[in-house]
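What follows is a short report on a single structure.
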Amino acid sequence: MSWSDPISDMLTRIRNAQKAGMPSLDMPGSRLKGEIARVMQAEGYIAGYTLTGEGRRMLHIDLKYNELAEPAIRGLRRESKPGLRRFSGFKEIPRVLGGMGTAVLSTSGGVMSGKDARQRKLGGELICTIW
């Protein structure tokens with residue numbers, strides 16, 4: 001497990017579970033991971049999520065597949081890493097696959113998609129990209 005970068009660990013678990021065709025997965029949770037899952041659900045990449053527990057939190061994610069059993073998430077990439085943080089002003093927020101994907105940012109207004117951050121004119125740390 002990657003304890004130095006729990007967000008990267010979360011994205012890797014999602015990638016691996018979808019490659020294995022699993023309907024859902026459980027992982028150690030945090031408030032930030034829950035917010036990233038909320039953005040993924042709002043953008044239609046996962047079917048649902050629940051964040052449970054007070055002391056030791058657990059995050060349960062229900063994965064989403066299309067009619068042909070192909071995963072809704074084609075790719076996940078961690079952008080801002082502990083060794084190299086990536087920040088972006090609202091004008092420089094990347095458009096993933098020409099608008100077909102989603103950038104997830106941590107802004108002063110909370111964790112949100114790149115589209116929402118552009119509309120609110122908020123920049124921040126580019127957490128990951130999803131397509």
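Here, A, B, ... name the chains of the structure tokens in the order displayed, residue numbers run from 1 inside each chain, and ligands are numbered from 1 in the same displayed order.
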
Helix (DSSP H, G or I) positions in chain A, given as a compact mmCIF listing (two decimals) with N, CA and C atoms, in the first residue's frame:
```txt
# COMPACT_ATOMS: atom_id res chain seq x y z
N PRO A 6 -1.97 8.65 -0.48
CA PRO A 6 -3.22 7.90 -0.41
C PRO A 6 -4.16 8.16 -1.59
N ILE A 7 -4.07 9.31 -2.23
CA ILE A 7 -4.94 9.59 -3.39
C ILE A 7 -4.52 8.72 -4.56
N SER A 8 -3.22 8.59 -4.77
CA SER A 8 -2.73 7.71 -5.83
C SER A 8 -3.12 6.27 -5.57
N ASP A 9 -3.08 5.86 -4.30
CA ASP A 9 -3.50 4.52 -3.91
C ASP A 9 -4.98 4.31 -4.24
N MET A 10 -5.81 5.33 -3.98
CA MET A 10 -7.25 5.25 -4.28
C MET A 10 -7.48 5.06 -5.78
N LEU A 11 -6.80 5.86 -6.59
CA LEU A 11 -6.97 5.77 -8.05
C LEU A 11 -6.50 4.42 -8.58
N THR A 12 -5.42 3.90 -8.03
CA THR A 12 -4.91 2.59 -8.45
C THR A 12 -5.89 1.48 -8.08
N ARG A 13 -6.49 1.56 -6.90
CA ARG A 13 -7.47 0.56 -6.49
C ARG A 13 -8.69 0.58 -7.42
N ILE A 14 -9.13 1.77 -7.82
CA ILE A 14 -10.27 1.87 -8.74
C ILE A 14 -9.90 1.27 -10.09
N ARG A 15 -8.71 1.61 -10.61
CA ARG A 15 -8.25 1.05 -11.89
C ARG A 15 -8.19 -0.46 -11.85
N ASN A 16 -7.60 -1.02 -10.78
CA ASN A 16 -7.46 -2.47 -10.66
C ASN A 16 -8.81 -3.16 -10.53
N ALA A 17 -9.73 -2.58 -9.75
CA ALA A 17 -11.04 -3.19 -9.56
C ALA A 17 -11.82 -3.20 -10.87
N GLN A 18 -11.71 -2.15 -11.66
CA GLN A 18 -12.43 -2.13 -12.94
C GLN A 18 -11.83 -3.11 -13.94
N LYS A 19 -10.52 -3.26 -13.93
CA LYS A 19 -9.89 -4.25 -14.83
C LYS A 19 -10.30 -5.66 -14.45
N ARG A 31 -11.79 12.38 4.24
CA ARG A 31 -12.71 13.39 3.74
C ARG A 31 -12.36 13.76 2.30
N LEU A 32 -11.06 13.89 1.98
CA LEU A 32 -10.63 14.24 0.63
C LEU A 32 -11.01 13.14 -0.37
N LYS A 33 -10.80 11.88 0.00
CA LYS A 33 -11.17 10.78 -0.88
C LYS A 33 -12.69 10.77 -1.13
N GLY A 34 -13.46 11.07 -0.08
CA GLY A 34 -14.91 11.15 -0.23
C GLY A 34 -15.32 12.26 -1.17
N GLU A 35 -14.63 13.39 -1.12
CA GLU A 35 -14.95 14.51 -2.02
C GLU A 35 -14.59 14.18 -3.46
N ILE A 36 -13.48 13.47 -3.66
CA ILE A 36 -13.10 13.05 -5.02
C ILE A 36 -14.15 12.08 -5.55
N ALA A 37 -14.62 11.15 -4.70
CA ALA A 37 -15.67 10.21 -5.11
C ALA A 37 -16.97 10.95 -5.42
N ARG A 38 -17.27 12.01 -4.68
CA ARG A 38 -18.47 12.81 -4.95
C ARG A 38 -18.41 13.44 -6.34
N VAL A 39 -17.25 13.97 -6.70
CA VAL A 39 -17.08 14.56 -8.03
C VAL A 39 -17.19 13.48 -9.10
N MET A 40 -16.60 12.31 -8.85
CA MET A 40 -16.69 11.21 -9.82
C MET A 40 -18.13 10.78 -10.03
N GLN A 41 -18.92 10.74 -8.96
CA GLN A 41 -20.33 10.37 -9.09
C GLN A 41 -21.11 11.45 -9.83
N ALA A 42 -20.86 12.70 -9.51
CA ALA A 42 -21.56 13.80 -10.17
C ALA A 42 -21.27 13.86 -11.66
N VAL A 96 -9.58 18.00 -20.52
CA VAL A 96 -9.19 16.61 -20.72
C VAL A 96 -9.93 16.07 -21.94
N LEU A 97 -9.19 15.56 -22.92
CA LEU A 97 -9.72 15.03 -24.17
C LEU A 97 -10.68 16.01 -24.84
N GLY A 98 -10.32 17.27 -24.84
CA GLY A 98 -11.14 18.29 -25.49
C GLY A 98 -12.51 18.47 -24.85
N GLY A 99 -12.61 18.22 -23.56
CA GLY A 99 -13.87 18.38 -22.85
C GLY A 99 -14.61 17.08 -22.61
N GLY A 114 -13.13 20.46 -13.09
CA GLY A 114 -12.52 21.57 -13.80
C GLY A 114 -13.55 22.49 -14.42
N LYS A 115 -14.65 21.93 -14.90
CA LYS A 115 -15.72 22.72 -15.51
C LYS A 115 -16.34 23.66 -14.48
N ASP A 116 -16.63 23.15 -13.28
CA ASP A 116 -17.20 23.98 -12.22
C ASP A 116 -16.21 25.05 -11.76
N ALA A 117 -14.94 24.70 -11.67
CA ALA A 117 -13.92 25.66 -11.24
C ALA A 117 -13.80 26.79 -12.26
N ARG A 118 -13.85 26.47 -13.55
CA ARG A 118 -13.80 27.50 -14.59
C ARG A 118 -15.00 28.44 -14.49
N GLN A 119 -16.19 27.87 -14.27
CA GLN A 119 -17.39 28.70 -14.16
C GLN A 119 -17.33 29.62 -12.95
N ARG A 120 -16.78 29.13 -11.84
CA ARG A 120 -16.69 29.94 -10.62
C ARG A 120 -15.43 30.80 -10.58
```

Distance query A:Pro28 at most 12 Å, only C-alpha atoms, self and fewer than 6 positions along chain excluded, as a list in words: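 Those residues are Met1, Ser2, Trp3, Pro6, Ile7, Asp9, Met10, Arg13, Gly34, Thr50, Leu51, Thr52, Gly53, Glu54, Gly55, Arg56, Arg57, Met58, Leu59, His60 and Ile61 of chain A.
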
Using C-alpha atoms, can you export the residues from the last selection as a compact mmCIF listing (two decimals), in the first residue's frame?
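The result, stored in selection.txt:
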```txt
# COMPACT_ATOMS: atom_id res chain seq x y z
CA MET A 1 0.00 0.00 0.00
CA SER A 2 1.09 3.51 -0.71
CA TRP A 3 0.89 5.47 2.53
CA PRO A 6 -3.22 7.90 -0.41
CA ILE A 7 -4.94 9.59 -3.39
CA ASP A 9 -3.50 4.52 -3.91
CA MET A 10 -7.25 5.25 -4.28
CA ARG A 13 -7.47 0.56 -6.49
CA GLY A 34 -14.91 11.15 -0.23
CA THR A 50 -20.47 5.78 0.95
CA LEU A 51 -18.02 7.10 3.52
CA THR A 52 -18.54 5.42 6.90
CA GLY A 53 -16.91 5.42 10.31
CA GLU A 54 -15.68 8.00 12.75
CA GLY A 55 -12.20 6.90 13.88
CA ARG A 56 -11.20 4.55 11.10
CA ARG A 57 -13.11 5.63 8.02
CA MET A 58 -13.93 3.31 5.14
CA LEU A 59 -14.86 4.35 1.61
CA HIS A 60 -17.13 2.02 -0.39
CA ILE A 61 -17.35 2.73 -4.14
```

Would you kindly return, as an NGL selection string, each protein, DNA or RNA residue with an atom no farther than 7 Å from any atom of A:Leu63, considering only C-alpha atoms and excluding same-chain residues fewer than 2 positions away? :A and (23-24 or 46-47 or 61 or 65)

Smallest atom-to-atom distance to A:Gly109: which of A:Arg78, A:Arg85, A:Lys64, A:Lys121, using only C-alpha atoms?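 Distance minimum relative to A:Gly109 lands on A:Lys121.
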
Would you work out the distance separating atom CA of A:Glu125 from atom CA of A:Gly101, expressed in Å to one decimal? 17.3 Å

Proximity to A:Val104 - best of A:Gly124, A:Gly29, A:Gly48, A:Gly21, only C-alpha atoms: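 Under the stated criterion, the closest residue is A:Gly124.
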